[in-house]
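Engineer: Next comes the structure file data.csv, holding CSV, C-alpha atoms.
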```
chain,number,residue,atom,x,y,z
A,1,MET,CA,22.8,-18.6,63.6
A,2,MET,CA,19.5,-19.2,65.3
A,3,HIS,CA,16.7,-17.6,63.4
A,4,PRO,CA,14.5,-15.4,65.6
A,5,MET,CA,11.3,-17.3,64.9
A,6,ASN,CA,13.0,-20.5,66.1
A,7,ASN,CA,13.6,-18.8,69.4
A,8,VAL,CA,10.3,-17.1,70.0
A,9,LYS,CA,9.2,-17.3,73.5
A,10,ALA,CA,5.6,-17.1,74.4
A,11,PRO,CA,4.8,-13.9,76.2
A,12,PRO,CA,4.6,-14.3,79.9
A,13,SER,CA,1.0,-13.4,79.9
A,14,LYS,CA,-1.5,-11.9,77.5
A,15,LEU,CA,-0.1,-8.8,75.9
A,16,CYS,CA,-1.8,-5.5,76.1
A,17,GLY,CA,-1.5,-2.4,73.9
A,18,GLU,CA,1.4,-1.0,76.0
A,19,ASP,CA,3.5,-4.0,75.2
A,20,PHE,CA,3.7,-2.8,71.6
A,21,LEU,CA,5.0,0.7,72.5
A,22,ALA,CA,8.7,-0.4,72.7
A,23,VAL,CA,8.7,-1.2,69.0
A,24,ALA,CA,6.1,1.3,67.8
A,25,ASP,CA,8.6,3.1,65.7
A,26,VAL,CA,9.2,0.0,63.5
A,27,LEU,CA,6.1,-2.1,64.0
A,28,GLU,CA,2.8,-0.4,63.1
A,29,ILE,CA,-0.3,-2.0,64.5
A,30,GLN,CA,-3.6,-0.8,65.9
A,31,ARG,CA,-3.5,-1.1,69.7
A,32,ASP,CA,-7.3,-1.4,70.2
A,33,PRO,CA,-8.6,-4.2,72.4
A,34,GLN,CA,-9.9,-6.3,69.4
A,35,THR,CA,-6.6,-6.2,67.6
A,36,ILE,CA,-4.6,-7.1,70.7
A,37,ALA,CA,-7.0,-9.9,71.5
A,38,ALA,CA,-6.5,-11.3,68.0
A,39,TRP,CA,-2.8,-11.0,68.4
A,40,ASN,CA,-2.9,-12.9,71.6
A,41,LYS,CA,-5.1,-15.6,70.0
A,42,PHE,CA,-3.3,-16.1,66.7
A,43,ILE,CA,0.3,-14.7,66.8
A,44,ARG,CA,1.2,-15.3,70.4
A,45,ALA,CA,4.7,-13.8,70.1
A,46,ARG,CA,6.3,-10.8,71.7
A,47,PRO,CA,6.2,-7.9,69.3
A,48,ASP,CA,10.0,-7.6,69.2
A,49,ASP,CA,10.4,-11.3,68.5
A,50,PHE,CA,7.8,-11.0,65.7
A,51,PHE,CA,9.5,-7.9,64.2
A,52,ARG,CA,12.9,-9.7,64.2
A,53,ALA,CA,11.4,-12.8,62.7
A,54,ILE,CA,9.9,-10.8,59.8
A,55,THR,CA,12.9,-8.6,59.1
A,56,GLU,CA,15.8,-11.0,59.6
A,57,GLY,CA,18.4,-10.3,56.9
A,58,LEU,CA,16.5,-7.3,55.6
A,59,PRO,CA,18.2,-3.8,55.4
A,60,GLU,CA,18.1,-1.7,58.5
A,61,GLY,CA,15.3,0.8,58.5
A,62,THR,CA,12.7,-1.7,57.3
A,63,ARG,CA,9.3,-1.1,59.0
A,64,VAL,CA,6.5,-3.5,59.3
A,65,SER,CA,2.8,-2.9,59.3
A,66,VAL,CA,0.4,-5.5,60.6
A,67,LYS,CA,-3.4,-5.9,60.6
A,68,ILE,CA,-5.1,-8.8,62.3
A,69,ASP,CA,-8.7,-9.5,63.1
A,70,GLN,CA,-10.5,-11.8,65.4
A,71,LYS,CA,-11.3,-14.2,62.5
A,72,GLY,CA,-7.6,-14.8,62.1
A,73,LYS,CA,-7.2,-12.7,58.9
A,74,LEU,CA,-3.7,-11.4,58.9
A,75,ASP,CA,-2.2,-8.7,56.6
A,76,VAL,CA,1.6,-7.9,56.8
A,77,THR,CA,3.5,-5.3,54.8
A,78,SER,CA,7.2,-4.7,55.2
A,79,ARG,CA,8.6,-1.5,53.7
A,80,LEU,CA,11.9,0.3,53.4
A,81,GLU,CA,12.1,3.9,52.0
A,82,LYS,CA,15.1,6.1,51.7
A,83,ASP,CA,15.2,9.6,50.4
A,84,GLY,CA,11.6,9.3,49.2
A,85,LYS,CA,12.4,6.2,47.2
A,86,GLN,CA,10.8,2.9,48.0
A,87,LEU,CA,13.5,0.3,48.2
A,88,LEU,CA,11.6,-2.7,49.5
A,89,GLU,CA,8.0,-3.6,49.7
A,90,HIS,CA,6.7,-7.1,50.6
A,91,HIS,CA,3.1,-7.8,51.3
A,92,PHE,CA,1.5,-11.1,52.4
A,93,THR,CA,-1.8,-12.1,53.9
A,94,ALA,CA,-3.0,-15.2,55.7
A,95,GLU,CA,-6.2,-16.9,56.7
A,96,ILE,CA,-4.7,-18.4,59.9
A,97,LYS,CA,-7.7,-20.6,60.7
A,98,ALA,CA,-7.7,-22.1,57.3
A,99,GLY,CA,-3.9,-22.5,57.3
A,100,VAL,CA,-3.4,-20.7,54.0
A,101,ALA,CA,-1.4,-17.6,53.2
A,102,SER,CA,-1.0,-15.5,50.1
A,103,LEU,CA,2.1,-13.8,48.9
A,104,GLU,CA,0.6,-10.7,47.4
A,105,TYR,CA,3.9,-9.2,46.0
A,106,ILE,CA,7.5,-8.4,46.7
A,107,ARG,CA,9.5,-5.7,45.1
A,108,VAL,CA,13.2,-4.8,45.7
A,109,ALA,CA,14.8,-1.8,44.0
A,110,GLY,CA,17.3,-2.7,41.3
A,111,GLU,CA,20.3,-1.5,43.3
A,112,LEU,CA,19.5,-4.0,46.1
A,113,GLN,CA,18.7,-7.0,43.9
A,114,GLY,CA,20.9,-10.1,44.0
A,115,ARG,CA,21.8,-9.6,47.7
A,116,GLY,CA,19.3,-12.2,49.0
A,117,ILE,CA,16.8,-9.6,50.3
A,118,ALA,CA,13.8,-10.9,48.4
A,119,LYS,CA,14.8,-14.5,49.3
A,120,SER,CA,15.2,-13.6,53.0
A,121,ALA,CA,11.9,-11.8,53.1
A,122,ILE,CA,10.1,-14.8,51.7
A,123,ALA,CA,12.0,-17.2,53.9
A,124,ASN,CA,11.1,-15.1,57.0
A,125,MET,CA,7.5,-15.0,56.0
A,126,LEU,CA,7.3,-18.8,55.5
A,127,GLU,CA,9.1,-19.5,58.7
A,128,PHE,CA,6.8,-17.2,60.7
A,129,LEU,CA,3.8,-18.7,59.0
A,130,GLN,CA,4.8,-22.2,59.9
A,131,GLY,CA,5.3,-21.1,63.5
A,132,ILE,CA,1.6,-20.1,63.6
A,133,GLY,CA,0.5,-23.3,61.8
A,134,VAL,CA,0.2,-22.0,58.3
A,135,TRP,CA,2.1,-24.3,55.9
A,136,ARG,CA,0.6,-23.4,52.5
A,137,THR,CA,1.3,-20.2,50.7
A,138,LYS,CA,-0.4,-19.3,47.5
A,139,THR,CA,0.8,-16.8,44.9
A,140,GLU,CA,0.3,-15.7,41.3
A,141,ALA,CA,3.2,-16.3,39.1
A,142,ALA,CA,3.0,-13.7,36.4
A,143,TYR,CA,4.3,-10.7,34.5
A,144,ASP,CA,7.8,-10.9,33.4
A,145,ASN,CA,9.8,-13.7,34.9
A,146,GLY,CA,7.4,-14.8,37.7
A,147,ALA,CA,6.2,-18.0,36.1
A,148,PHE,CA,9.8,-19.2,35.7
A,149,THR,CA,11.2,-17.8,39.0
A,150,TRP,CA,8.4,-19.3,41.3
A,151,ALA,CA,8.8,-22.7,39.7
A,152,ARG,CA,12.5,-22.6,40.4
A,153,PHE,CA,11.7,-21.6,44.0
A,154,GLY,CA,9.6,-24.7,44.4
A,155,LEU,CA,6.1,-23.5,43.8
A,156,LYS,CA,3.9,-25.4,41.4
A,157,PRO,CA,0.6,-24.6,39.7
A,158,ASP,CA,-2.7,-25.9,40.8
A,159,SER,CA,-4.3,-28.4,38.4
A,160,LEU,CA,-6.4,-25.9,36.6
A,161,HIS,CA,-3.5,-23.5,35.9
A,162,TRP,CA,-1.2,-26.3,35.0
A,163,GLU,CA,-3.6,-27.4,32.3
A,164,ARG,CA,-3.9,-23.8,31.0
A,165,LEU,CA,-0.1,-23.3,31.1
A,166,LYS,CA,0.3,-26.4,29.0
A,167,LYS,CA,-2.3,-25.4,26.5
A,168,ASN,CA,-1.6,-21.7,26.2
A,169,THR,CA,2.2,-21.5,26.7
A,170,LEU,CA,4.1,-24.8,26.7
A,171,TRP,CA,2.8,-26.5,23.6
A,172,PRO,CA,2.7,-23.3,21.4
A,173,ARG,CA,6.3,-22.5,22.4
A,174,LEU,CA,7.4,-26.1,21.7
A,175,GLU,CA,5.8,-26.0,18.3
A,176,MET,CA,7.4,-22.7,17.5
A,177,MET,CA,10.9,-23.7,18.6
A,178,ARG,CA,10.8,-27.5,18.0
A,179,GLU,CA,13.6,-27.3,15.4
A,180,GLN,CA,15.9,-25.4,17.7
A,181,ILE,CA,15.6,-27.7,20.7
A,182,PRO,CA,18.1,-30.6,21.0
A,183,PRO,CA,16.3,-34.0,20.9
A,184,ASP,CA,17.1,-35.1,24.5
A,185,ALA,CA,15.7,-31.9,25.9
A,186,LEU,CA,12.7,-31.8,23.5
A,187,LYS,CA,11.7,-35.3,24.6
A,188,GLN,CA,11.8,-34.3,28.3
A,189,ILE,CA,9.8,-31.2,27.8
A,190,GLU,CA,7.2,-32.9,25.6
A,191,THR,CA,6.8,-35.6,28.3
A,192,ALA,CA,6.5,-33.0,31.0
A,193,ALA,CA,4.0,-31.0,29.0
A,194,ALA,CA,1.9,-34.1,28.5
A,195,SER,CA,1.9,-34.9,32.2
A,196,ASP,CA,-1.1,-34.3,34.5
A,197,ASP,CA,1.3,-33.7,37.4
A,198,PRO,CA,2.1,-30.0,38.0
A,199,SER,CA,5.4,-31.1,39.5
A,200,ALA,CA,6.5,-31.6,36.0
A,201,ILE,CA,7.1,-27.8,35.9
A,202,TRP,CA,10.3,-28.3,37.9
A,203,LEU,CA,11.7,-30.5,35.1
A,204,ILE,CA,10.9,-27.8,32.6
A,205,ALA,CA,12.2,-24.9,34.7
A,206,GLY,CA,15.4,-26.9,35.3
A,207,GLN,CA,16.4,-27.4,31.7
A,208,LYS,CA,19.8,-25.8,31.2
A,209,THR,CA,20.3,-26.4,27.5
A,210,ARG,CA,21.0,-23.2,25.8
A,211,ILE,CA,18.9,-22.6,22.7
A,212,ASP,CA,19.6,-20.4,19.7
A,213,GLY,CA,17.4,-19.0,17.0
A,214,VAL,CA,14.8,-17.4,19.2
A,215,PRO,CA,12.9,-14.6,17.4
A,216,ILE,CA,13.6,-11.4,19.3
A,217,GLY,CA,10.3,-9.8,18.7
A,218,ARG,CA,8.3,-12.7,20.2
A,219,LEU,CA,10.8,-13.2,23.1
A,220,LEU,CA,10.5,-9.5,24.1
A,221,LEU,CA,6.7,-9.6,24.2
A,222,TYR,CA,6.3,-12.7,26.4
A,223,HIS,CA,4.3,-11.2,29.3
A,224,SER,CA,1.2,-12.2,31.2
A,225,ALA,CA,-0.1,-8.7,30.5
A,226,GLU,CA,-2.4,-8.4,33.5
A,227,ASN,CA,-3.0,-5.0,35.1
A,228,ALA,CA,0.6,-4.2,34.9
A,229,PHE,CA,0.9,-0.8,36.6
A,230,HIS,CA,-2.2,0.6,38.3
A,231,GLU,CA,-1.8,1.2,42.0
A,232,ALA,CA,-4.2,-1.1,43.8
A,233,SER,CA,-6.0,1.8,45.4
A,234,GLU,CA,-6.7,3.3,41.9
A,235,TRP,CA,-7.5,0.0,40.3
A,236,LYS,CA,-9.7,0.0,37.2
A,237,PRO,CA,-9.7,-2.4,34.3
A,238,PRO,CA,-6.6,-1.9,32.2
A,239,THR,CA,-6.9,-0.4,28.8
A,240,LYS,CA,-5.0,-1.6,25.8
A,241,LYS,CA,-2.6,1.3,26.3
A,242,ASP,CA,-2.1,0.2,30.0
A,243,ILE,CA,-1.3,-3.3,29.0
A,244,TRP,CA,1.1,-2.2,26.3
A,245,LYS,CA,2.9,-0.1,28.8
A,246,GLY,CA,3.4,-3.1,31.2
A,247,ILE,CA,4.6,-5.3,28.3
A,248,ALA,CA,7.0,-2.6,27.1
A,249,ASN,CA,8.5,-2.1,30.5
A,250,SER,CA,9.3,-5.8,30.8
A,251,ALA,CA,10.5,-5.9,27.2
A,252,ARG,CA,13.0,-3.1,27.7
A,253,GLU,CA,14.5,-5.0,30.6
A,254,ARG,CA,14.7,-8.2,28.6
A,255,LEU,CA,16.2,-6.4,25.6
A,256,SER,CA,19.0,-4.9,27.8
A,257,GLY,CA,20.5,-8.4,28.3
A,258,LEU,CA,20.3,-9.2,24.6
A,259,GLU,CA,21.4,-6.0,22.8
A,260,LYS,CA,24.9,-7.3,22.0
A,261,GLN,CA,23.5,-10.1,19.9
A,262,LEU,CA,21.6,-7.6,17.6
A,263,PRO,CA,22.7,-5.1,15.0
A,264,PRO,CA,22.7,-1.5,16.5
A,265,GLN,CA,20.0,-0.3,14.1
A,266,VAL,CA,17.7,-3.2,15.2
A,267,VAL,CA,18.2,-2.3,18.8
A,268,GLN,CA,17.5,1.3,18.1
A,269,HIS,CA,14.3,0.3,16.2
A,270,LEU,CA,13.1,-1.9,19.1
A,271,LYS,CA,13.8,0.8,21.7
A,272,GLU,CA,11.8,3.3,19.7
A,273,CYS,CA,8.9,0.9,19.4
A,274,LEU,CA,9.0,0.1,23.1
A,275,ASP,CA,9.0,3.9,23.9
A,276,ASP,CA,6.0,4.4,21.7
A,277,PRO,CA,2.9,4.7,24.0
A,278,SER,CA,0.6,3.5,21.2
A,279,PRO,CA,-0.4,-0.2,21.5
A,280,GLU,CA,0.0,-0.4,17.7
A,281,ALA,CA,3.8,-0.5,18.4
A,282,HIS,CA,3.3,-4.1,19.6
A,283,ALA,CA,2.9,-5.3,16.0
A,284,ARG,CA,6.1,-3.6,14.9
A,285,VAL,CA,8.1,-5.3,17.7
A,286,LEU,CA,6.5,-8.7,16.8
A,287,GLY,CA,7.6,-8.1,13.2
A,288,VAL,CA,11.3,-8.0,14.1
A,289,GLU,CA,12.5,-11.4,13.1
A,290,ASN,CA,16.2,-11.2,14.0
A,291,ARG,CA,17.2,-14.2,16.2
A,292,VAL,CA,19.0,-14.3,19.5
A,293,GLY,CA,20.4,-17.3,21.4
A,294,GLY,CA,22.2,-18.5,24.5
A,295,ILE,CA,18.9,-18.6,26.4
A,296,SER,CA,18.3,-21.4,28.9
A,297,LEU,CA,15.5,-23.6,27.7
A,298,GLY,CA,13.8,-23.6,31.1
A,299,GLN,CA,13.6,-19.9,31.2
A,300,PHE,CA,12.5,-19.7,27.5
A,301,MET,CA,9.6,-22.0,28.2
A,302,LEU,CA,8.2,-20.2,31.2
A,303,VAL,CA,9.0,-16.4,31.0
A,304,GLY,CA,6.0,-14.2,30.6
A,305,ALA,CA,3.6,-17.1,31.4
A,306,TYR,CA,0.9,-17.0,34.0
A,307,TRP,CA,-0.2,-19.4,36.6
A,308,LYS,CA,-1.6,-19.6,40.1
A,309,GLY,CA,-0.2,-22.1,42.6
A,310,GLU,CA,1.3,-22.7,46.0
A,311,LEU,CA,4.2,-23.8,48.1
A,312,ASP,CA,3.2,-26.4,50.6
A,313,MET,CA,6.0,-26.8,53.2
A,314,LYS,CA,4.6,-30.2,54.1
A,315,ASN,CA,5.4,-31.4,50.6
A,316,GLU,CA,8.8,-33.0,50.7
A,317,MET,CA,10.0,-32.0,47.3
A,318,GLN,CA,8.8,-28.4,47.7
A,319,ARG,CA,10.5,-28.1,51.1
A,320,GLU,CA,13.7,-29.6,49.6
A,321,ILE,CA,13.9,-26.9,46.9
A,322,PHE,CA,13.0,-24.1,49.3
A,323,THR,CA,15.6,-25.2,51.9
A,324,ALA,CA,18.2,-25.6,49.2
A,325,TYR,CA,17.9,-21.9,48.5
A,326,THR,CA,17.5,-20.6,52.1
A,327,ALA,CA,20.3,-22.8,53.4
A,328,SER,CA,22.7,-20.8,51.3
A,329,SER,CA,22.2,-17.8,53.5
A,330,ASN,CA,23.1,-17.5,57.2
A,331,ARG,CA,20.0,-19.1,58.6
A,332,GLU,CA,19.0,-22.5,59.7
A,333,ALA,CA,16.7,-24.5,57.5
A,334,PRO,CA,13.1,-24.4,58.6
A,335,ALA,CA,11.9,-27.2,60.8
A,336,GLN,CA,10.4,-30.4,59.5
A,337,PRO,CA,6.6,-30.5,59.6
A,338,LYS,CA,5.4,-31.4,63.0
A,339,PRO,CA,1.9,-32.3,64.2
A,340,GLN,CA,1.8,-29.2,66.2
A,341,ALA,CA,3.1,-25.7,65.7
A,342,SER,CA,6.1,-24.9,67.8
A,343,LEU,CA,4.3,-22.1,69.7
A,344,PRO,CA,2.0,-22.9,72.6
A,345,PRO,CA,-1.6,-23.6,71.8
A,346,PRO,CA,-4.0,-20.7,71.2
A,347,ARG,CA,-5.4,-19.1,74.3
A,348,SER,CA,-9.1,-18.6,74.3
B,1,MET,CA,-7.9,-9.5,46.6
B,2,GLY,CA,-5.2,-11.4,44.8
B,3,GLU,CA,-6.4,-10.2,41.4
B,4,ILE,CA,-5.2,-6.6,42.0
B,5,LYS,CA,-1.5,-6.1,41.9
B,6,GLN,CA,0.9,-3.3,42.4
B,7,PRO,CA,3.0,-1.8,39.6
B,8,GLN,CA,5.2,-4.4,38.1
B,9,ILE,CA,8.4,-2.9,36.8
B,10,PRO,CA,11.9,-4.4,36.8
B,11,GLU,CA,11.7,-4.7,40.6
B,12,ASN,CA,9.7,-7.8,40.1
B,13,ASN,CA,12.9,-9.5,39.1
B,14,ALA,CA,14.2,-9.3,42.7
B,15,LEU,CA,13.7,-13.0,43.5
B,16,LEU,CA,15.1,-14.1,40.2
B,17,ALA,CA,18.3,-12.2,40.9
B,18,ASP,CA,18.5,-13.8,44.3
B,19,LEU,CA,18.0,-17.3,43.0
B,20,GLU,CA,20.6,-16.8,40.3
B,21,ALA,CA,23.0,-15.6,42.9
B,22,ALA,CA,22.2,-18.6,45.2
B,23,GLU,CA,22.6,-21.0,42.3
B,24,LYS,CA,26.3,-20.0,41.9
B,25,ASN,CA,26.8,-22.1,45.0
B,26,PRO,CA,27.3,-25.6,43.4
B,27,GLU,CA,25.6,-27.3,46.3
B,28,VAL,CA,22.5,-25.2,46.0
B,29,HIS,CA,22.4,-25.8,42.3
B,30,TYR,CA,22.8,-29.5,42.8
B,31,ARG,CA,20.1,-29.8,45.3
B,32,VAL,CA,17.5,-27.9,43.2
B,33,GLN,CA,18.4,-29.8,40.0
B,34,LEU,CA,18.3,-33.1,41.8
B,35,THR,CA,14.7,-32.5,42.6
B,36,ALA,CA,14.0,-31.7,39.0
B,37,LEU,CA,15.9,-34.9,38.1
B,38,LYS,CA,13.7,-37.0,40.4
B,39,VAL,CA,10.7,-35.7,38.6
B,40,GLY,CA,12.2,-36.7,35.2
B,41,ARG,CA,13.2,-40.0,36.6
B,42,ALA,CA,9.6,-40.7,37.6
B,43,MET,CA,8.6,-40.0,34.0
B,44,GLY,CA,10.9,-42.7,32.8
B,45,PHE,CA,14.0,-40.9,31.8
B,46,SER,CA,17.4,-42.3,32.6
B,47,ASP,CA,19.9,-40.5,34.9
B,48,ALA,CA,22.3,-40.0,32.0
B,49,GLU,CA,19.6,-38.3,29.9
B,50,LEU,CA,18.6,-36.0,32.8
B,51,GLU,CA,22.2,-35.2,33.8
B,52,LYS,CA,22.8,-33.9,30.3
B,53,THR,CA,19.8,-31.6,30.1
B,54,LEU,CA,19.8,-30.4,33.7
B,55,GLY,CA,23.5,-29.8,33.8
B,56,ILE,CA,24.5,-31.8,36.9
B,57,ARG,CA,26.6,-34.9,37.6
B,58,LEU,CA,24.9,-37.1,40.1
B,59,LYS,CA,26.8,-38.1,43.2
B,60,PRO,CA,27.1,-41.9,43.5
B,61,GLU,CA,24.7,-42.0,46.4
B,62,ASP,CA,22.0,-40.2,44.4
B,63,ARG,CA,22.1,-42.5,41.4
B,64,SER,CA,19.1,-44.6,40.8
B,65,ASP,CA,21.2,-47.7,41.0
B,66,ALA,CA,22.8,-46.7,44.3
B,67,GLN,CA,22.8,-49.4,46.9
B,68,GLY,CA,20.7,-48.8,50.0
```
Can you dump the structure from the file as structure tokens?

Structural biologist:
Amino acid sequence: MMHPMNNVKAPPSKLCGEDFLAVADVLEIQRDPQTIAAWNKFIRARPDDFFRAITEGLPEGTRVSVKIDQKGKLDVTSRLEKDGKQLLEHHFTAEIKAGVASLEYIRVAGELQGRGIAKSAIANMLEFLQGIGVWRTKTEAAYDNGAFTWARFGLKPDSLHWERLKKNTLWPRLEMMREQIPPDALKQIETAAASDDPSAIWLIAGQKTRIDGVPIGRLLLYHSAENAFHEASEWKPPTKKDIWKGIANSARERLSGLEKQLPPQVVQHLKECLDDPSPEAHARVLGVENRVGGISLGQFMLVGAYWKGELDMKNEMQREIFTAYTASSNREAPAQPKPQASLPPPRS
Amino acid sequence: MGEIKQPQIPENNALLADLEAAEKNPEVHYRVQLTALKVGRAMGFSDAELEKTLGIRLKPEDRSDAQG
């Protein structure tokens, strides 16, 4: 199936505000002359083509909001709401002139997870960005599973965050679990954690050895603990109580997959601690020393960590990982890097 | 921008769920693990050592001693 962004035709002439009216119910954009001029300069696609490119594979009813200015600063948010509940929200920004984008966040409601929606949204974003000459996308890998998931998806930390990740996460976890890790895997992780090359994170994330004897208290509390729940519009520095709430949310989710390995009274105790709004409950969770197992080593090493990094679609290995995942859906793999974007050159 | 994030609740596992679903396809899993294996190979590990920890069996054409 041809992906819409592979088939975008340049508009026959410069678009005007009226050209956006046909998709106004699904594509929200200011139709003032400055915005339209910026669209003509940087996006250069018909509004319906753009909308299809961004929402390919997403549930029907998804709406897209776009802001773009004459400096090439782009801000795109896709949302799906049903019965007052937000089912999907995906936000990215780009500095088109600089050729760099930022994936701000993506959230999919639990009932829609595992259907490839998040993957499609990100693939759409990257393919669109490549079409306008933006090959690099930065993100923050954080919170619960982000540090593991983004590494699996082909992103890698920048040098600064790779050094911090090694020092603050990888080596302490290795020291804690050294006895439980089989020698072959231990040697590989130690070598990767000593490397200066952030690509080593893919060797760590790919470790499939299952490890046992992980202290449940520590495992539940692995979390990057940054501003875990304030709405952006209401942002203020998080308090201890705020941070604990974010950690506890993540810990509850993690505990749900491990309950069967623990005595019922321990599960009950942990749940009570996690429902306690007082940050002092953190120490009580940490004190639970029952052990769990069957956890993939790659995931154990990276969950709850924090790093900043990027996906550069001109990097052969990153593109290979990304296309391995996206080729599993009904879409064509993105184009190989070309000297020029596939769209016609910007009009002045 | 970039330092301020929206609420992070279990919804932030959406991509992980998608990746786990995609990796059930053996070819997807193989391709992703092959990239990890190449990183390990560059660090001096043998194909046999990496196959064991990464959970894949290399195709003949992907072996380090493959002709061509």

Engineer: Neighbours of stretch 33-47 of chain B within 6 Å (only C-alpha atoms; same-chain residues fewer than 3 positions away dropped), as a list of chain:residue names?

Structural biologist: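 The residues satisfying every condition are A:Trp202, A:Leu203, B:Tyr30, B:Leu50, B:Glu51.
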
Engineer: Using all atoms listed in the file, I'd like a table of the residues in chain A that come within 8 Å of chain B; for each, show the closest atom pair and its distance in Å rounded to one decimal, ordered by chain and ascending number, as CSV.

Structural biologist:
```
residue,atom,partner,partner_atom,distance
A:Ser102,CA,B:Gly2,CA,7.9
A:Glu104,CA,B:Gly2,CA,6.4
A:Tyr105,CA,B:Lys5,CA,7.5
A:Ile106,CA,B:Asn12,CA,7.0
A:Arg107,CA,B:Glu11,CA,5.1
A:Val108,CA,B:Glu11,CA,5.3
A:Ala109,CA,B:Glu11,CA,5.4
A:Gly110,CA,B:Glu11,CA,6.0
A:Gln113,CA,B:Ala14,CA,5.2
A:Gly114,CA,B:Asp18,CA,4.4
A:Arg115,CA,B:Asp18,CA,6.3
A:Gly116,CA,B:Asp18,CA,5.0
A:Ile117,CA,B:Asp18,CA,7.5
A:Ala118,CA,B:Leu15,CA,5.3
A:Lys119,CA,B:Leu15,CA,6.1
A:Glu140,CA,B:Gly2,CA,7.8
A:Tyr143,CA,B:Gln8,CA,7.3
A:Asp144,CA,B:Asn12,CA,7.6
A:Asn145,CA,B:Asn13,CA,6.7
A:Gly146,CA,B:Asn12,CA,7.7
A:Thr149,CA,B:Leu16,CA,5.5
A:Arg152,CA,B:Val32,CA,7.8
A:Phe153,CA,B:Leu19,CA,7.7
A:Asp184,CA,B:Glu49,CA,6.8
A:Ala185,CA,B:Thr53,CA,5.9
A:Gln188,CA,B:Gly40,CA,7.3
A:Thr191,CA,B:Met43,CA,7.4
A:Ala192,CA,B:Met43,CA,7.9
A:Ser199,CA,B:Val39,CA,7.1
A:Ala200,CA,B:Val39,CA,6.4
A:Trp202,CA,B:Ala36,CA,5.1
A:Leu203,CA,B:Ala36,CA,4.7
A:Gly206,CA,B:Leu54,CA,5.8
A:Gln207,CA,B:Leu54,CA,5.0
A:Lys208,CA,B:Leu54,CA,5.2
A:Thr209,CA,B:Thr53,CA,5.8
A:Asn227,CA,B:Lys5,CA,7.0
A:Ala228,CA,B:Gln8,CA,5.6
A:Phe229,CA,B:Pro7,CA,3.8
A:His230,CA,B:Pro7,CA,5.9
A:Glu231,CA,B:Gln6,CA,5.3
A:Ala232,CA,B:Gln6,CA,5.7
A:Trp235,CA,B:Ile4,CA,7.2
A:Gly246,CA,B:Gln8,CA,7.2
A:Asn249,CA,B:Ile9,CA,6.4
A:Ser250,CA,B:Pro10,CA,6.7
A:Glu253,CA,B:Pro10,CA,6.7
A:Met317,CA,B:Thr35,CA,6.7
A:Glu320,CA,B:Val32,CA,7.6
A:Ile321,CA,B:Val32,CA,5.3
A:Ala324,CA,B:Val28,CA,5.4
A:Tyr325,CA,B:Val28,CA,6.2
A:Ser328,CA,B:Ala22,CA,6.5
```

Engineer: Tell me, in Å to one decimal, how far atom CA of A:Lys166 is from atom CA of A:Leu255.

Structural biologist: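 So the answer is 25.8 Å.
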
Engineer: Show which residues sit within 10 Å of stretch 259-267 of chain A, as a PyMOL selection string. Count only C-alpha atoms, and ignore same-chain residues fewer than 4 positions away.

Structural biologist: chain A and resi 216+254-255+271-273+288-294

Engineer: When distances are computed from all atoms listed in the file, which of A:Asn168, A:Thr93, A:Gln268, A:Thr35 shows the smallest separation from A:Val134?

Structural biologist: A:Thr93

Engineer: Would you kindly place N, CA and C atoms on stretch 46-55 of chain B and return the model as a PDB file, in the coordinates of the input?

Structural biologist:
```pdb
ATOM      1  N   SER B  46      16.289 -41.690  31.942  1.00  0.00           N
ATOM      2  CA  SER B  46      17.400 -42.300  32.600  1.00  0.00           C
ATOM      3  C   SER B  46      18.239 -41.140  33.311  1.00  0.00           C
ATOM      4  N   ASP B  47      19.041 -41.528  34.280  1.00  0.00           N
ATOM      5  CA  ASP B  47      19.900 -40.500  34.900  1.00  0.00           C
ATOM      6  C   ASP B  47      20.804 -39.850  33.932  1.00  0.00           C
ATOM      7  N   ALA B  48      21.348 -40.629  32.999  1.00  0.00           N
ATOM      8  CA  ALA B  48      22.300 -40.000  32.000  1.00  0.00           C
ATOM      9  C   ALA B  48      21.573 -38.990  31.157  1.00  0.00           C
ATOM     10  N   GLU B  49      20.356 -39.291  30.728  1.00  0.00           N
ATOM     11  CA  GLU B  49      19.600 -38.300  29.900  1.00  0.00           C
ATOM     12  C   GLU B  49      19.347 -37.038  30.691  1.00  0.00           C
ATOM     13  N   LEU B  50      18.995 -37.200  31.943  1.00  0.00           N
ATOM     14  CA  LEU B  50      18.600 -36.000  32.800  1.00  0.00           C
ATOM     15  C   LEU B  50      19.857 -35.227  33.183  1.00  0.00           C
ATOM     16  N   GLU B  51      20.945 -35.929  33.458  1.00  0.00           N
ATOM     17  CA  GLU B  51      22.200 -35.200  33.800  1.00  0.00           C
ATOM     18  C   GLU B  51      22.556 -34.250  32.676  1.00  0.00           C
ATOM     19  N   LYS B  52      22.385 -34.723  31.456  1.00  0.00           N
ATOM     20  CA  LYS B  52      22.800 -33.900  30.300  1.00  0.00           C
ATOM     21  C   LYS B  52      21.957 -32.646  30.172  1.00  0.00           C
ATOM     22  N   THR B  53      20.664 -32.770  30.325  1.00  0.00           N
ATOM     23  CA  THR B  53      19.800 -31.600  30.100  1.00  0.00           C
ATOM     24  C   THR B  53      19.722 -30.686  31.332  1.00  0.00           C
ATOM     25  N   LEU B  54      19.929 -31.249  32.512  1.00  0.00           N
ATOM     26  CA  LEU B  54      19.800 -30.400  33.700  1.00  0.00           C
ATOM     27  C   LEU B  54      21.162 -29.896  34.198  1.00  0.00           C
ATOM     28  N   GLY B  55      22.236 -30.354  33.549  1.00  0.00           N
ATOM     29  CA  GLY B  55      23.500 -29.800  33.800  1.00  0.00           C
ATOM     30  C   GLY B  55      24.108 -30.153  35.191  1.00  0.00           C
TER      31      GLY B  55
END
```
